[in-house]
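With TSV, C-alpha atoms inside, this is my_file-v5.tsv:
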```
chain	number	residue	atom	x	y	z
A	1	MET	CA	-4.18	-15.65	1.35
A	2	ASN	CA	-2.92	-19.20	2.01
A	3	SER	CA	-0.42	-20.12	4.69
A	4	HIS	CA	2.43	-20.61	2.19
A	5	THR	CA	1.96	-17.09	0.81
A	6	SER	CA	1.72	-15.63	4.32
A	7	HIS	CA	4.92	-17.43	5.33
A	8	THR	CA	6.75	-16.19	2.23
A	9	LYS	CA	5.64	-12.60	2.92
A	10	ALA	CA	6.82	-12.90	6.53
A	11	ILE	CA	10.24	-14.22	5.47
A	12	ARG	CA	10.54	-11.46	2.86
A	13	ALA	CA	9.76	-8.82	5.49
A	14	GLN	CA	12.28	-10.45	7.84
A	15	LEU	CA	15.00	-10.32	5.18
A	16	LEU	CA	14.24	-6.67	4.40
A	17	ALA	CA	14.43	-5.80	8.09
A	18	SER	CA	17.74	-7.65	8.38
A	19	MET	CA	19.17	-5.58	5.51
A	20	ARG	CA	17.89	-2.29	6.91
A	21	SER	CA	18.74	-2.57	10.59
A	22	GLY	CA	19.56	-6.16	11.47
A	23	GLU	CA	22.18	-8.76	10.73
A	24	TYR	CA	23.02	-7.44	7.25
A	25	ALA	CA	22.78	-3.71	8.00
A	26	GLY	CA	26.53	-3.28	7.67
A	27	CYS	CA	26.95	-5.60	4.66
A	28	GLN	CA	27.37	-4.77	0.99
A	29	ARG	CA	26.12	-8.18	-0.11
A	30	LEU	CA	23.86	-10.94	1.13
A	31	PRO	CA	25.34	-14.38	1.90
A	32	ARG	CA	25.22	-17.17	-0.68
A	33	GLU	CA	21.81	-18.70	-1.37
A	34	SER	CA	22.76	-21.95	0.35
A	35	VAL	CA	23.64	-20.05	3.53
A	36	LEU	CA	20.49	-17.90	3.39
A	37	CYS	CA	18.27	-20.96	2.97
A	38	VAL	CA	19.63	-22.46	6.18
A	39	LYS	CA	19.43	-19.18	8.11
A	40	LEU	CA	15.85	-18.49	7.01
A	41	GLY	CA	14.68	-22.11	7.14
A	42	ILE	CA	13.25	-22.12	3.62
A	43	SER	CA	13.81	-23.98	0.36
A	44	ARG	CA	16.02	-22.76	-2.46
A	45	THR	CA	12.94	-22.26	-4.65
A	46	GLN	CA	11.18	-20.15	-2.02
A	47	LEU	CA	14.32	-18.07	-1.47
A	48	ARG	CA	14.75	-17.43	-5.18
A	49	ASP	CA	11.14	-16.22	-5.43
A	50	ILE	CA	11.77	-13.80	-2.55
A	51	LEU	CA	15.04	-12.56	-4.03
A	52	ALA	CA	13.38	-12.09	-7.42
A	53	SER	CA	10.68	-9.89	-5.85
A	54	LEU	CA	13.29	-7.85	-3.94
A	55	GLU	CA	15.28	-7.37	-7.15
A	56	ARG	CA	12.19	-6.24	-9.09
A	57	GLU	CA	11.66	-3.56	-6.44
A	58	GLY	CA	15.29	-2.47	-6.56
A	59	PHE	CA	16.32	-3.46	-3.04
A	60	ILE	CA	18.98	-5.85	-4.32
A	61	THR	CA	20.85	-6.56	-7.56
A	62	ARG	CA	22.01	-10.07	-8.40
A	63	ARG	CA	25.17	-10.02	-10.50
A	64	HIS	CA	26.96	-13.04	-11.92
A	65	GLY	CA	30.35	-13.49	-10.31
A	66	VAL	CA	29.63	-10.82	-7.70
A	67	GLY	CA	26.65	-12.11	-5.73
A	68	THR	CA	23.57	-10.40	-4.33
A	69	VAL	CA	24.37	-6.71	-3.84
A	70	ILE	CA	22.33	-4.72	-1.29
A	71	ASN	CA	21.20	-1.37	-2.75
A	72	ARG	CA	21.32	0.88	0.31
A	73	HIS	CA	20.31	3.96	-1.68
A	74	VAL	CA	16.99	2.21	-2.37
A	75	LEU	CA	16.58	0.66	1.09
A	76	ASP	CA	16.97	4.09	2.70
A	77	VAL	CA	14.01	5.61	0.80
A	78	GLN	CA	11.18	6.19	3.29
A	79	THR	CA	8.13	6.24	1.00
A	80	ARG	CA	8.01	4.44	-2.35
A	81	MET	CA	5.05	5.41	-4.49
A	82	ASP	CA	5.69	2.46	-6.80
A	83	ILE	CA	5.22	-0.02	-3.92
A	84	GLU	CA	1.87	-0.53	-2.21
A	85	VAL	CA	2.19	0.30	1.49
A	86	GLU	CA	-0.69	0.56	3.94
A	87	PHE	CA	-1.21	4.08	5.29
A	88	LEU	CA	-0.25	3.41	8.90
A	89	ASP	CA	2.93	1.61	7.81
A	90	MET	CA	3.73	4.52	5.48
A	91	ILE	CA	3.40	6.99	8.34
A	92	ARG	CA	5.49	4.76	10.61
A	93	GLN	CA	8.23	4.39	7.97
A	94	ASN	CA	8.49	8.18	7.83
A	95	GLY	CA	9.33	8.29	11.54
A	96	HIS	CA	5.91	9.30	12.89
A	97	VAL	CA	3.42	7.67	15.24
A	98	PRO	CA	0.39	6.63	13.16
A	99	ALA	CA	-3.25	6.53	14.19
A	100	VAL	CA	-6.72	6.38	12.66
A	101	ALA	CA	-8.39	9.56	13.91
A	102	SER	CA	-11.81	8.90	12.43
A	103	ILE	CA	-13.67	6.45	10.26
A	104	SER	CA	-17.15	6.57	8.77
A	105	SER	CA	-19.15	4.65	6.20
A	106	GLY	CA	-22.33	5.04	4.25
A	107	GLU	CA	-24.31	3.56	1.40
A	108	GLU	CA	-24.82	5.48	-1.82
A	109	ALA	CA	-25.57	5.07	-5.50
A	110	ALA	CA	-22.63	5.10	-7.90
A	111	ASP	CA	-22.24	8.46	-9.59
A	112	GLU	CA	-21.07	8.74	-13.21
A	113	ARG	CA	-17.38	8.93	-12.28
A	114	THR	CA	-17.43	5.91	-9.96
A	115	ALA	CA	-19.51	3.92	-12.44
A	116	SER	CA	-17.02	4.68	-15.20
A	117	LEU	CA	-13.99	3.70	-13.09
A	118	LEU	CA	-15.55	0.42	-11.92
A	119	ARG	CA	-17.38	-0.42	-15.18
A	120	LEU	CA	-20.75	-0.45	-13.47
A	121	PRO	CA	-24.13	1.07	-14.32
A	122	ALA	CA	-24.70	4.47	-12.77
A	123	GLY	CA	-26.83	4.10	-9.65
A	124	THR	CA	-25.30	0.75	-8.59
A	125	PRO	CA	-25.46	0.42	-4.76
A	126	MET	CA	-22.05	1.16	-3.25
A	127	LEU	CA	-20.37	1.33	0.15
A	128	ARG	CA	-18.13	4.34	0.82
A	129	VAL	CA	-15.62	4.12	3.68
A	130	SER	CA	-13.82	7.31	4.76
A	131	ARG	CA	-10.68	7.34	6.95
A	132	LEU	CA	-8.55	10.10	8.40
A	133	CYS	CA	-5.05	9.03	9.45
A	134	THR	CA	-2.72	11.11	11.58
A	135	ALA	CA	1.05	11.33	12.04
A	136	ASP	CA	2.05	12.32	15.58
A	137	GLY	CA	-1.50	13.59	16.00
A	138	ARG	CA	-1.35	15.76	12.88
A	139	PRO	CA	-3.85	14.99	10.06
A	140	ALA	CA	-1.81	13.39	7.28
A	141	ILE	CA	-3.99	11.30	4.95
A	142	TYR	CA	-7.68	11.40	4.12
A	143	CYS	CA	-9.02	8.53	2.03
A	144	GLU	CA	-12.41	7.51	0.64
A	145	ASP	CA	-12.73	3.90	-0.59
A	146	VAL	CA	-15.73	2.89	-2.70
A	147	ILE	CA	-16.79	-0.76	-3.05
A	148	GLU	CA	-19.76	-2.32	-4.83
A	149	LYS	CA	-22.20	-3.57	-2.17
A	150	ALA	CA	-22.85	-6.78	-4.10
A	151	LEU	CA	-19.25	-7.84	-3.45
A	152	ILE	CA	-19.76	-7.90	0.33
A	153	ARG	CA	-20.44	-11.50	1.30
A	154	LYS	CA	-20.93	-11.26	5.05
A	155	ASP	CA	-22.01	-8.87	7.75
A	156	TYR	CA	-19.32	-6.49	8.94
A	157	THR	CA	-18.76	-4.32	11.98
A	158	GLU	CA	-17.05	-1.00	12.58
A	159	GLU	CA	-14.01	-2.97	13.72
A	160	ASP	CA	-13.83	-4.57	10.27
A	161	LEU	CA	-13.89	-1.13	8.67
A	162	LYS	CA	-10.99	0.00	10.84
A	163	LEU	CA	-8.77	-2.55	9.13
A	164	PRO	CA	-6.85	-1.51	5.99
A	165	ILE	CA	-9.13	-1.75	2.96
A	166	PHE	CA	-7.28	-4.77	1.57
A	167	HIS	CA	-8.04	-6.76	4.72
A	168	PHE	CA	-11.71	-5.80	4.47
A	169	LEU	CA	-11.84	-6.86	0.82
A	170	GLN	CA	-10.27	-10.22	1.57
A	171	GLN	CA	-12.16	-11.02	4.77
A	172	CYS	CA	-15.60	-9.62	3.97
A	173	CYS	CA	-15.70	-9.78	0.16
A	174	GLY	CA	-13.36	-12.62	-0.82
A	175	VAL	CA	-11.69	-10.16	-3.19
A	176	TYR	CA	-7.92	-10.11	-3.75
A	177	PRO	CA	-6.66	-7.03	-5.61
A	178	TYR	CA	-3.84	-7.88	-8.01
A	179	LEU	CA	-2.72	-4.48	-9.28
A	180	ASP	CA	-3.84	-0.88	-9.36
A	181	LEU	CA	-3.71	2.06	-11.73
A	182	THR	CA	-3.36	5.41	-9.99
A	183	ASP	CA	-3.73	8.93	-11.35
A	184	LEU	CA	-1.65	11.50	-9.44
A	185	ARG	CA	-2.05	15.24	-9.43
A	186	ALA	CA	-1.96	18.26	-7.15
A	187	VAL	CA	-5.30	19.68	-6.03
A	188	PRO	CA	-6.23	22.66	-3.85
A	189	ALA	CA	-7.91	21.92	-0.53
A	190	ASP	CA	-11.62	22.75	-0.60
A	191	GLU	CA	-13.52	23.61	2.57
A	192	LYS	CA	-14.11	19.97	3.52
A	193	LEU	CA	-10.46	18.91	2.99
A	194	ALA	CA	-9.08	22.05	4.62
A	195	ASP	CA	-11.13	21.30	7.72
A	196	LEU	CA	-10.24	17.59	7.80
A	197	LEU	CA	-6.51	18.02	7.18
A	198	GLN	CA	-6.24	21.28	9.12
A	199	VAL	CA	-4.64	23.20	6.27
A	200	PRO	CA	-5.51	26.60	4.76
A	201	LEU	CA	-8.24	26.75	2.14
A	202	GLY	CA	-6.59	26.25	-1.25
A	203	ALA	CA	-3.45	24.62	0.20
A	204	PRO	CA	-1.85	22.13	-2.23
A	205	LEU	CA	-2.56	18.45	-1.60
A	206	LEU	CA	-1.22	15.39	-3.36
A	207	TYR	CA	-4.26	13.58	-4.78
A	208	MET	CA	-4.28	9.96	-5.90
A	209	GLU	CA	-7.26	8.42	-7.68
A	210	GLU	CA	-6.71	4.66	-7.49
A	211	VAL	CA	-8.54	1.80	-9.17
A	212	ASP	CA	-7.68	-1.75	-8.10
A	213	PHE	CA	-8.16	-4.77	-10.35
A	214	ASP	CA	-8.29	-8.50	-9.60
A	215	ILE	CA	-6.12	-11.01	-11.46
A	216	ASP	CA	-8.76	-11.30	-14.19
A	217	GLY	CA	-8.63	-7.57	-14.88
A	218	LYS	CA	-11.96	-6.72	-13.23
A	219	PRO	CA	-12.01	-3.44	-11.27
A	220	VAL	CA	-12.95	-4.24	-7.66
A	221	PHE	CA	-12.76	-0.90	-5.87
A	222	CYS	CA	-11.62	2.67	-6.25
A	223	SER	CA	-10.34	5.25	-3.84
A	224	ALA	CA	-9.62	8.94	-3.53
A	225	GLU	CA	-6.55	9.66	-1.39
A	226	TYR	CA	-5.37	13.08	-0.19
A	227	PHE	CA	-1.94	13.63	1.38
A	228	ALA	CA	-1.12	16.71	3.43
A	229	ASP	CA	2.10	18.50	2.49
A	230	GLY	CA	5.13	18.29	4.75
A	231	VAL	CA	4.53	14.82	6.22
A	232	PHE	CA	5.91	12.56	3.48
A	233	ARG	CA	8.59	12.61	0.85
A	234	HIS	CA	7.30	10.44	-1.98
A	235	THR	CA	9.82	8.66	-4.21
A	236	VAL	CA	9.38	6.60	-7.38
A	237	MET	CA	11.96	4.06	-8.53
A	238	ARG	CA	12.16	3.42	-12.27
A	239	LYS	CA	14.54	0.86	-13.71
A	240	LYS	CA	16.27	1.58	-17.01
A	241	LEU	CA	15.74	-1.36	-19.33
```
This entry written out as structure tokens:
Amino acid sequence: MNSHTSHTKAIRAQLLASMRSGEYAGCQRLPRESVLCVKLGISRTQLRDILASLEREGFITRRHGVGTVINRHVLDVQTRMDIEVEFLDMIRQNGHVPAVASISSGEEAADERTASLLRLPAGTPMLRVSRLCTADGRPAIYCEDVIEKALIRKDYTEEDLKLPIFHFLQQCCGVYPYLDLTDLRAVPADEKLADLLQVPLGAPLLYMEEVDFDIDGKPVFCSAEYFADGVFRHTVMRKKL
């Protein structure tokens, strides 16, 4: 990620924070673009890119003759399933103290399911990284990420694996996921998941099977994510076209 993109993301996060709990928390609308540019220290083009992304995600609505309306009913949603949020941030946004309780990794050969998802031959060498995240000390999310070993370009340490998977992909693989397709369904906790998430055997879990693709449409990793019940309220925003 280049410095311009990092700066834009930081300004976007700053503007979101200002709408939620800062300078614009009590406002129905944002100031005019010319005023915002000065306040944020950015160009009109950069601001319009940020506002366009916020509008796509429903946080604001730009209306001719009215201005930029802040959609508080969207801003107040704690967990958006249609927006990619790292696990620890997701837990934090839901009012809990996040932590990574355990992390492990191992090498394996791609089974038929993984090979199919990533368009690889069965038996391709893979790296599997497993993480257990807690909310206020309670097990909340268990995730297994699977990456083709050939994508890893440099040696890595356990500290690298503790980072969110997207950081690992960028820093150690030079891979930048562009979008993902995720299958969602409820599954019962088996013995392994019941033990990890400290729930009764057979308890319902929200399961997400995610495949991430780069900008060229190549699948670059897949993950299995399990969410314990009672920690999150997941919401999806869908615009009516």
Atom CA of A:Cys173 and atom CA of A:Ile152, how far apart in Å? 4.5 Å
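Closest to A:Ser104 among A:Ile11, A:Leu117, A:Leu132, A:Leu47 is A:Leu132, based on only C-alpha atoms.
Note that the spacing between atom CA of A:Asp155 and atom CA of A:Cys222 amounts to 20.9 Å.
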Would you pick out the contacts of A:Ala194 at 12 Å or less, using only C-alpha atoms, so that residues sharing its chain but fewer than 3 positions from it are not included, and give the list as a PyMOL selection string? chain A and resi 139-142+187-191+197-205+226-229
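Remark: for A:His167, the closest of the candidate residues A:Glu55, A:Glu23, A:Glu33, A:Glu86 is A:Glu86 (distances computed over all atoms listed in the file).
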Centre, x/y/z edge lengths, axis-aligned box for stretch 38-42 of chain A with 6 Å per side, as JSON:
```
{"center_x": 16.4, "center_y": -20.5, "center_z": 5.9, "size_x": 18.4, "size_y": 16.0, "size_z": 16.5}
```
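Using all atoms listed in the file, the shortest contact distance between A:Thr235 and any of A:Leu40, A:Leu15, A:Met208, A:Ile83 is found at A:Ile83.
Restricting the calculation to all atoms listed in the file, the smallest distance between A:Ala101 and any of A:Cys143, A:Val175, A:Ala17, A:Leu54 is found for A:Cys143.
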Spatial neighbours of stretch 64-67 of chain A, max dist 9 Å, only C-alpha atoms, sep filter under 2 positions, as a PyMOL selection string: chain A and resi 29-32+61-62+69
Could you list, as a PyMOL selection string, every residue within 8 Å of A:Gly137, counting all atoms listed in the file and ignoring same-chain residues fewer than 5 positions away? chain A and resi 97-99
Mind dumping the selected residues with C-alpha atoms as a PDB file, keeping the file's coordinate frame?
```
ATOM      1  CA  VAL A  97       3.420   7.670  15.240  1.00  0.00           C
ATOM      2  CA  PRO A  98       0.390   6.630  13.160  1.00  0.00           C
ATOM      3  CA  ALA A  99      -3.250   6.530  14.190  1.00  0.00           C
TER       4      ALA A  99
END
```
In Å, rounded to a single decimal, give me how far atom CA of A:Val236 is from atom CA of A:Met81. 5.3 Å
